[in-house]
Amino acid sequence: MFLLLPFDSLVVNLLGISITVLFTLLLVFIIVPAIFGVSFGIRKVYMKTLLKIFQWATLRIERGAKEKNHPLYKPYVNGIIAKEPTSLEEEIKEIRRSGSGKSLDTPEFELSDIFYFCRKGIETIMDDEVTKRFSAEELESWNLLSRTNYNFQYISLRLTVLWGLGVLIRYCFLLPLRIALAFTGISLLVTGTTVVGYLPNGRCKDFLSKHVHLMCYRICVRALTAIITYHDRENRPRNGGICVANHTSPIDVIILASDGYYAMVGQIHGGLMGVIQRAMVKACPHVWFERSEVKDRHLVARRLTEHVQDKSKLPILIFPEGTCINNTSVMMFKKGSFEIGATVYPVAIKYDPQFGDAFWNSSKYGMVTYLLRMMTSWAIVCSVWYLPPMTRQPEEDAVQFANRVKSAIARQGGLVDLLWDGGLKREKVKDAFKEEQQKLYSKMIVGSHEDRSRS
């Protein structure tokens, strides 16, 4: 029989004590507070400390670069081309005046008009306001992550040691801790919802289901060291309504679900995600669709309408953009969820990229790689605003209503309100966009011709 040597026995005992202490700290300072929805303020102290370190590191980089005459890269927050909000007609008038000196009313077509479209095309290529919404938001300051700043290089020994210490903390301490918490939260979610699912329908089941979901989502939030500030909680979504929010990351779901109780909408998956979905639907009436059903707009609309018409059912959580945008803007909302006549509860979500980039570029990173990047960041800091409920006006169609809700979310979150479809992330520009410019120019020419005929 193998006997442990005294030294080996000491190592085993120390390892056992360390694991016991770790799980005790997890239970006392993270899991139990998550169950009751309280916080000891440790994460906020952690955030303030990081801010001071980031400020010092940024100043040190700028000073070191100045001493060595290295140019500093500065991101263009508002684009690289200065543009004035003018119409097609006004710009062509200006080109004609500066070129031939003729006014717009003189010819039906001027060769100089071509320069307007040439310039617009070049501007669009150089400063594409669509494509840049699908890349990580650039930072002016350095947050000790080499993936977030182009100015990172050897500046001084102290700065390099600080960066190396940060790598050890993030990968050797925070990452294992976060993985343990994520595993705990997901395991409790699957187990808890499965058990609750066997209870008969009633108030007891609803009460337990709500608190099991909230508890597990709060544990998962702490697995990302998420620091969330919720504003205007009196406007939180209510039963029988639809909650719509801008979409930056898959974790938008747990950010909102850790403060409210929602019915999720989505496609049925396999693997681990499928296990979680099957467990959740036992305890709560979520709306899951088969792969073949997702493309059937009428079926989706009917299922959603049936859900919201029952005022006892939870509000549906929907991200109408249909894809993740990089935390700088809001793109076109799909009109489907605005056609069913339910009360809409808009929510604006804005992340602070100083501590970690929450944007998921699904065309560049898989889910596992993305989660690894999230869990090796310093923290996820964001603000959530609950806006007053909105209803469709009698004179509005679904598209106008969707645009009104989108504008309200963009305005509250400090985001750019764009009319482009997020589907352009993977698809070519639709012919309708090209035809729109052609129609504007044609209308301008034909309109001026008709005006001259009447005169």
# chains A, B, ... in the order shown; residues from 1 in each chain; ligands from 1
>>> select_by_dssp(residues="stretch 263-362 of chain A", states="helix (DSSP H, G or I)", output="PyMOL selection string")
chain A and resi 271-283+291-294+297-309+336-338
>>> residues_around(residues="A:Leu317", least_positions_apart="4", cutoff="10 Å", atoms="only C-alpha atoms", output="list in words")
Pro237, Gly241, Ile242, Cys243, Val244, Ala245, Val253, Leu256, Ala257, Tyr261, Tyr262, Ala263, Met264, Val265, Gly266, His286 and Tyr345 of chain A
>>> write_last_selection(atoms="N, CA and C atoms", output="short mmCIF file (atom, residue, chain, number, x, y, z; two decimals), in the first residue's frame")
data_model
loop_
_atom_site.label_atom_id
_atom_site.label_comp_id
_atom_site.auth_asym_id
_atom_site.auth_seq_id
_atom_site.Cartn_x
_atom_site.Cartn_y
_atom_site.Cartn_z
N PRO A 237 -40.37 46.29 -17.27
CA PRO A 237 -41.44 45.63 -18.04
C PRO A 237 -42.40 44.84 -17.15
N GLY A 241 -46.45 42.34 -21.82
CA GLY A 241 -45.77 43.32 -22.68
C GLY A 241 -44.55 42.72 -23.34
N ILE A 242 -43.85 43.56 -24.09
CA ILE A 242 -42.63 43.15 -24.78
C ILE A 242 -41.50 44.10 -24.37
N CYS A 243 -40.41 43.53 -23.90
CA CYS A 243 -39.23 44.32 -23.56
C CYS A 243 -38.28 44.27 -24.75
N VAL A 244 -37.95 45.43 -25.30
CA VAL A 244 -37.01 45.50 -26.43
C VAL A 244 -35.78 46.30 -26.00
N ALA A 245 -34.61 45.83 -26.40
CA ALA A 245 -33.36 46.48 -26.00
C ALA A 245 -32.37 46.42 -27.14
N VAL A 253 -28.71 39.26 -22.03
CA VAL A 253 -29.82 38.49 -21.44
C VAL A 253 -29.66 38.40 -19.93
N LEU A 256 -30.10 41.80 -18.00
CA LEU A 256 -31.49 42.19 -17.75
C LEU A 256 -32.20 41.19 -16.84
N ALA A 257 -31.94 39.89 -17.05
CA ALA A 257 -32.66 38.87 -16.29
C ALA A 257 -32.22 38.80 -14.82
N TYR A 261 -37.80 39.38 -14.44
CA TYR A 261 -38.23 38.01 -14.75
C TYR A 261 -38.87 38.04 -16.12
N TYR A 262 -38.26 37.37 -17.09
CA TYR A 262 -38.69 37.47 -18.48
C TYR A 262 -38.94 36.09 -19.09
N ALA A 263 -39.77 36.09 -20.13
CA ALA A 263 -39.91 34.93 -21.00
C ALA A 263 -38.98 35.14 -22.18
N MET A 264 -38.12 34.18 -22.42
CA MET A 264 -37.14 34.29 -23.50
C MET A 264 -37.75 33.80 -24.82
N VAL A 265 -37.24 34.34 -25.91
CA VAL A 265 -37.65 33.93 -27.25
C VAL A 265 -36.40 33.52 -28.02
N GLY A 266 -36.45 32.38 -28.67
CA GLY A 266 -35.28 31.96 -29.43
C GLY A 266 -35.46 30.62 -30.08
N HIS A 286 -41.33 29.93 -21.56
CA HIS A 286 -40.52 30.57 -22.59
C HIS A 286 -41.05 30.19 -23.97
N TYR A 345 -41.84 47.96 -23.85
CA TYR A 345 -41.03 48.55 -22.77
C TYR A 345 -39.59 48.67 -23.27
#
>>> select_by_dssp(residues="stretch 189-236 of chain A", states="strand (DSSP E)", output="VMD selection string")
chain A and resid 226 to 231
>>> closest_residue(among="A:Met280, A:Ala342, A:Val32, A:Met367", to="A:His213", atoms="only C-alpha atoms")
A:Met280
>>> atom_distance(atom1="atom CA of A:Gly274", atom2="atom CA of A:Tyr365")
21.1 Å
>>> closest_residue(among="A:Ser377, A:Pro388, A:Gly260, A:Gly271", to="A:Ser146", atoms="only C-alpha atoms")
A:Ser377
>>> closest_residue(among="A:Phe401, A:Trp56, A:Trp420, A:Trp385", to="A:Arg233", atoms="only C-alpha atoms")
A:Trp385
>>> residues_around(residues="A:Ala398", least_positions_apart="6", cutoff="10 Å", atoms="only C-alpha atoms", output="count of residues only")
10
>>> atom_distance(atom1="atom CA of A:Arg133", atom2="atom CA of A:Ser363")
12.8 Å
